[in-house]
>>> print(open('query_11.cif').read())   # mmCIF, C-alpha atoms
data_work
loop_
_atom_site.group_PDB
_atom_site.id
_atom_site.type_symbol
_atom_site.label_atom_id
_atom_site.label_comp_id
_atom_site.auth_asym_id
_atom_site.auth_seq_id
_atom_site.Cartn_x
_atom_site.Cartn_y
_atom_site.Cartn_z
ATOM 1 C CA MET A 1 86.281 84.189 78.043
ATOM 2 C CA PRO A 2 87.860 84.894 81.458
ATOM 3 C CA ASP A 3 87.778 88.324 83.048
ATOM 4 C CA ARG A 4 90.579 90.622 81.978
ATOM 5 C CA LYS A 5 92.632 92.838 84.282
ATOM 6 C CA ILE A 6 92.539 96.366 82.885
ATOM 7 C CA ILE A 7 94.172 98.299 85.729
ATOM 8 C CA ASP A 8 97.081 97.225 87.889
ATOM 9 C CA GLU A 9 98.573 100.284 89.588
ATOM 10 C CA THR A 10 100.783 100.766 92.613
ATOM 11 C CA HIS A 11 101.767 104.243 93.770
ATOM 12 C CA LYS A 12 104.437 104.849 96.394
ATOM 13 C CA ILE A 13 103.428 107.445 98.971
ATOM 14 C CA PRO A 14 106.379 109.632 100.015
ATOM 15 C CA ASP A 15 107.396 109.281 103.667
ATOM 16 C CA LYS A 16 106.444 112.876 104.471
ATOM 17 C CA ARG A 17 102.919 112.290 103.068
ATOM 18 C CA GLY A 18 102.177 109.101 105.000
ATOM 19 C CA ASN A 19 104.443 106.424 103.529
ATOM 20 C CA GLY A 20 103.170 103.128 102.163
ATOM 21 C CA LEU A 21 101.546 102.155 98.882
ATOM 22 C CA LEU A 22 98.219 102.816 97.197
ATOM 23 C CA ARG A 23 97.084 99.796 95.179
ATOM 24 C CA ARG A 24 94.330 99.723 92.527
ATOM 25 C CA GLU A 25 93.297 96.677 90.476
ATOM 26 C CA LEU A 26 90.266 96.256 88.210
ATOM 27 C CA TRP A 27 88.996 93.347 86.129
ATOM 28 C CA VAL A 28 86.232 93.483 83.502
ATOM 29 C CA ASP A 29 84.155 90.919 81.662
ATOM 30 C CA LYS A 30 83.849 90.688 77.867
ATOM 31 C CA ASN A 31 81.263 93.515 77.929
ATOM 32 C CA GLY A 32 83.509 95.891 79.871
ATOM 33 C CA LYS A 33 81.589 95.561 83.148
ATOM 34 C CA ILE A 34 83.758 95.633 86.291
ATOM 35 C CA THR A 35 83.630 92.194 87.851
ATOM 36 C CA ARG A 36 86.479 92.364 90.374
ATOM 37 C CA TYR A 37 88.280 95.132 92.181
ATOM 38 C CA ASN A 38 90.910 95.661 94.833
ATOM 39 C CA LEU A 39 91.655 99.067 96.359
ATOM 40 C CA ALA A 40 94.160 99.206 99.206
ATOM 41 C CA TYR A 41 96.431 101.406 101.256
ATOM 42 C CA ILE A 42 99.349 99.241 102.391
ATOM 43 C CA ASN A 43 101.788 100.303 105.082
ATOM 44 C CA HIS A 44 103.681 97.632 107.016
ATOM 45 C CA LYS A 45 104.865 100.248 109.527
ATOM 46 C CA LEU A 46 101.252 100.933 110.577
ATOM 47 C CA HIS A 47 99.834 97.408 110.333
ATOM 48 C CA PHE A 48 101.659 94.083 110.108
ATOM 49 C CA ALA A 49 98.733 91.710 109.561
ATOM 50 C CA ASP A 50 96.668 91.373 106.370
ATOM 51 C CA ASN A 51 99.813 91.815 104.235
ATOM 52 C CA GLY A 52 100.180 95.361 105.558
ATOM 53 C CA ARG A 53 96.757 96.443 104.304
ATOM 54 C CA VAL A 54 95.664 99.314 106.529
ATOM 55 C CA VAL A 55 92.457 100.072 104.661
ATOM 56 C CA GLY A 56 91.016 98.489 101.554
ATOM 57 C CA TYR A 57 87.955 97.441 99.615
ATOM 58 C CA ASP A 58 87.516 94.396 97.419
ATOM 59 C CA ASN A 59 85.002 91.803 96.308
ATOM 60 C CA GLN A 60 87.089 88.671 96.667
ATOM 61 C CA HIS A 61 85.590 85.617 98.367
ATOM 62 C CA GLY A 62 82.167 86.247 96.842
ATOM 63 C CA TYR A 63 81.158 89.440 98.643
ATOM 64 C CA HIS A 64 81.955 93.161 98.809
ATOM 65 C CA HIS A 65 83.841 94.123 101.943
ATOM 66 C CA ARG A 66 86.107 96.608 103.671
ATOM 67 C CA HIS A 67 89.395 95.916 105.453
ATOM 68 C CA TYR A 68 90.436 98.286 108.229
ATOM 69 C CA PHE A 69 93.475 97.474 110.381
ATOM 70 C CA GLY A 70 92.796 93.753 110.092
ATOM 71 C CA ARG A 71 89.051 93.892 110.664
ATOM 72 C CA VAL A 72 86.907 92.802 107.714
ATOM 73 C CA GLU A 73 83.278 93.882 107.386
ATOM 74 C CA PRO A 74 80.738 93.514 104.581
ATOM 75 C CA ILE A 75 79.614 96.669 102.794
ATOM 76 C CA ASP A 76 76.451 97.572 100.921
ATOM 77 C CA PHE A 77 77.457 97.675 97.264
ATOM 78 C CA VAL A 78 75.837 100.326 95.072
ATOM 79 C CA SER A 79 78.494 100.734 92.386
ATOM 80 C CA PHE A 80 82.240 100.525 91.962
ATOM 81 C CA GLU A 81 82.356 104.327 91.708
ATOM 82 C CA GLU A 82 80.738 104.575 95.161
ATOM 83 C CA VAL A 83 83.273 102.106 96.577
ATOM 84 C CA GLU A 84 86.101 104.212 95.120
ATOM 85 C CA LYS A 85 84.654 107.301 96.836
ATOM 86 C CA ARG A 86 84.483 105.437 100.166
ATOM 87 C CA PHE A 87 88.079 104.283 99.786
ATOM 88 C CA GLU A 88 89.283 107.790 98.939
ATOM 89 C CA HIS A 89 87.402 109.188 101.940
ATOM 90 C CA ASP A 90 88.912 106.570 104.275
ATOM 91 C CA TRP A 91 92.415 107.189 102.922
ATOM 92 C CA LEU A 92 92.140 110.993 103.250
ATOM 93 C CA ILE A 93 90.894 110.740 106.857
ATOM 94 C CA LEU A 94 93.650 108.279 107.707
ATOM 95 C CA ARG A 95 96.297 110.451 106.054
ATOM 96 C CA GLN A 96 95.281 113.415 108.229
ATOM 97 C CA GLN A 97 95.900 111.283 111.317
ATOM 98 C CA LEU A 98 99.420 110.239 110.267
#
>>> encode(input="query_11.cif", output="structure tokens")
Amino acid sequence: MPDRKIIDETHKIPDKRGNGLLRRELWVDKNGKITRYNLAYINHKLHFADNGRVVGYDNQHGYHHRHYFGRVEPIDFVSFEEVEKRFEHDWLILRQQL
């Protein structure tokens, strides 16, 4: 049985709070274990490359990694919950700078 997408959310950020989109996608296996994820802050006004992804975390291409203004770097994966915390931290820091 193929993995099943259980979350597919996009939230528009108001212009006065930073503009752009917050994207969250999760896939699980038949046992409910998260197998794939994509967390991203997208803002084409801040970054044109990487489909506008300013900051994001995912595990596509066979490894866990972070996107930041077009730079991609591997991350140490502990749990999806930890990755979510890192993403939230990155987004909050970035939002303060906007």
>>> resolve_selection(input="query_11.cif", expression="the PyMOL selection byres ((chain A and resi 44) around 12)", output="VMD selection string")
chain A and resid 18 to 21 41 to 43 45 to 55 69 to 70
>>> closest_residue(input="query_11.cif", among="A:Asp15, A:Asp76, A:Glu25, A:Asp8", to="A:Gly56", atoms="all atoms listed in the file")
A:Glu25
>>> resolve_selection(input="query_11.cif", expression="the PyMOL selection byres ((chain A and resi 58) around 10)", output="list in words")
Arg24, Glu25, Leu26, Arg36, Tyr37, Asn38, Leu39, Ala40, Gly56, Tyr57, Asn59, Gln60, His61, Gly62, Tyr63, His64, His65, Arg66, His67, Pro74, Ile75, Phe80 and Val83 of chain A
>>> closest_residue(input="query_11.cif", among="A:Lys16, A:Arg95, A:Arg4, A:His89", to="A:Asn31", atoms="only C-alpha atoms")
A:Arg4
>>> atom_distance(input="query_11.cif", atom1="atom CA of A:Pro14", atom2="atom CA of A:Trp91")
14.5 Å
>>> closest_residue(input="query_11.cif", among="A:Gln96, A:Lys5, A:Ile34, A:Val28", to="A:Ser79", atoms="all atoms listed in the file")
A:Ile34
>>> axis_aligned_box(input="query_11.cif", around="stretch 69-76 of chain A", padding_each_side="3 Å", output="JSON")
{"center_x": 85.0, "center_y": 95.2, "center_z": 105.8, "size_x": 23.0, "size_y": 10.8, "size_z": 15.7}
>>> atom_distance(input="query_11.cif", atom1="atom CA of A:Asp90", atom2="atom CA of A:Phe77")
16.1 Å
>>> closest_residue(input="query_11.cif", among="A:Arg23, A:Lys33, A:Arg71, A:Gln97", to="A:Glu84", atoms="only C-alpha atoms")
A:Arg23
>>> closest_residue(input="query_11.cif", among="A:Leu22, A:Asp29, A:Val72, A:Arg17", to="A:Pro2", atoms="all atoms listed in the file")
A:Asp29
>>> atom_distance(input="query_11.cif", atom1="atom CA of A:Val78", atom2="atom CA of A:Gly32")
17.6 Å
>>> decode(input="query_11.cif", residues="stretch 21-97 of chain A", atoms="C-alpha atoms", output="mmCIF file, in the first residue's frame")
data_model
loop_
_atom_site.group_PDB
_atom_site.id
_atom_site.type_symbol
_atom_site.label_atom_id
_atom_site.label_comp_id
_atom_site.auth_asym_id
_atom_site.auth_seq_id
_atom_site.Cartn_x
_atom_site.Cartn_y
_atom_site.Cartn_z
ATOM 1 C CA LEU A 21 2.733 31.267 2.240
ATOM 2 C CA LEU A 22 3.335 28.654 4.916
ATOM 3 C CA ARG A 23 3.136 25.142 3.467
ATOM 4 C CA ARG A 24 2.808 21.875 5.430
ATOM 5 C CA GLU A 25 2.527 18.387 3.911
ATOM 6 C CA LEU A 26 2.738 15.011 5.660
ATOM 7 C CA TRP A 27 2.548 11.441 4.388
ATOM 8 C CA VAL A 28 2.202 8.296 6.521
ATOM 9 C CA ASP A 29 2.614 4.589 5.918
ATOM 10 C CA LYS A 30 -0.044 1.957 6.660
ATOM 11 C CA ASN A 31 0.974 2.006 10.354
ATOM 12 C CA GLY A 32 0.577 5.773 10.691
ATOM 13 C CA LYS A 33 4.318 6.496 10.796
ATOM 14 C CA ILE A 34 5.377 9.723 9.051
ATOM 15 C CA THR A 35 7.383 8.768 5.994
ATOM 16 C CA ARG A 36 7.533 12.062 4.086
ATOM 17 C CA TYR A 37 7.220 15.697 5.012
ATOM 18 C CA ASN A 38 7.524 19.136 3.490
ATOM 19 C CA LEU A 39 7.504 22.326 5.563
ATOM 20 C CA ALA A 40 8.118 25.602 3.750
ATOM 21 C CA TYR A 41 7.825 29.357 3.909
ATOM 22 C CA ILE A 42 7.374 30.589 0.335
ATOM 23 C CA ASN A 43 7.712 34.225 -0.656
ATOM 24 C CA HIS A 44 8.605 35.083 -4.251
ATOM 25 C CA LYS A 45 9.238 38.711 -3.259
ATOM 26 C CA LEU A 46 12.096 37.626 -0.961
ATOM 27 C CA HIS A 47 13.530 34.768 -3.028
ATOM 28 C CA PHE A 48 12.958 33.911 -6.684
ATOM 29 C CA ALA A 49 14.835 30.608 -6.934
ATOM 30 C CA ASP A 50 13.732 27.269 -5.451
ATOM 31 C CA ASN A 51 10.091 28.019 -6.357
ATOM 32 C CA GLY A 52 10.115 30.941 -3.923
ATOM 33 C CA ARG A 53 11.015 28.764 -0.939
ATOM 34 C CA VAL A 54 12.764 31.032 1.549
ATOM 35 C CA VAL A 55 13.133 28.429 4.276
ATOM 36 C CA GLY A 56 11.981 24.838 4.388
ATOM 37 C CA TYR A 57 12.593 21.310 5.573
ATOM 38 C CA ASP A 58 11.839 18.078 3.765
ATOM 39 C CA ASN A 59 13.081 14.550 3.227
ATOM 40 C CA GLN A 60 12.753 14.306 -0.532
ATOM 41 C CA HIS A 61 15.620 12.847 -2.562
ATOM 42 C CA GLY A 62 16.409 10.262 0.108
ATOM 43 C CA TYR A 63 17.714 12.490 2.898
ATOM 44 C CA HIS A 64 16.556 15.045 5.477
ATOM 45 C CA HIS A 65 17.590 18.578 4.612
ATOM 46 C CA ARG A 66 16.993 22.283 5.071
ATOM 47 C CA HIS A 67 16.496 24.916 2.372
ATOM 48 C CA TYR A 68 17.470 28.493 3.186
ATOM 49 C CA PHE A 69 17.431 31.144 0.449
ATOM 50 C CA GLY A 70 18.423 28.582 -2.168
ATOM 51 C CA ARG A 71 21.114 26.835 -0.148
ATOM 52 C CA VAL A 72 20.405 23.196 0.713
ATOM 53 C CA GLU A 73 22.137 21.466 3.620
ATOM 54 C CA PRO A 74 21.626 18.073 5.257
ATOM 55 C CA ILE A 75 20.272 18.011 8.803
ATOM 56 C CA ASP A 76 20.579 15.508 11.625
ATOM 57 C CA PHE A 77 17.154 13.900 11.905
ATOM 58 C CA VAL A 78 15.902 13.031 15.389
ATOM 59 C CA SER A 79 12.144 13.142 14.830
ATOM 60 C CA PHE A 80 9.580 14.943 12.723
ATOM 61 C CA GLU A 81 8.501 16.888 15.820
ATOM 62 C CA GLU A 82 12.069 18.202 16.199
ATOM 63 C CA VAL A 83 12.132 19.222 12.527
ATOM 64 C CA GLU A 84 8.843 21.094 13.016
ATOM 65 C CA LYS A 85 10.373 22.961 15.975
ATOM 66 C CA ARG A 86 13.417 23.911 13.871
ATOM 67 C CA PHE A 87 11.181 25.146 11.064
ATOM 68 C CA GLU A 88 9.048 27.200 13.452
ATOM 69 C CA HIS A 89 12.185 28.700 15.004
ATOM 70 C CA ASP A 90 13.607 29.610 11.578
ATOM 71 C CA TRP A 91 10.305 31.142 10.467
ATOM 72 C CA LEU A 92 9.907 33.218 13.657
ATOM 73 C CA ILE A 93 13.474 34.576 13.395
ATOM 74 C CA LEU A 94 12.968 35.381 9.725
ATOM 75 C CA ARG A 95 9.627 37.064 10.405
ATOM 76 C CA GLN A 96 11.271 39.395 12.937
ATOM 77 C CA GLN A 97 13.705 40.510 10.237
#
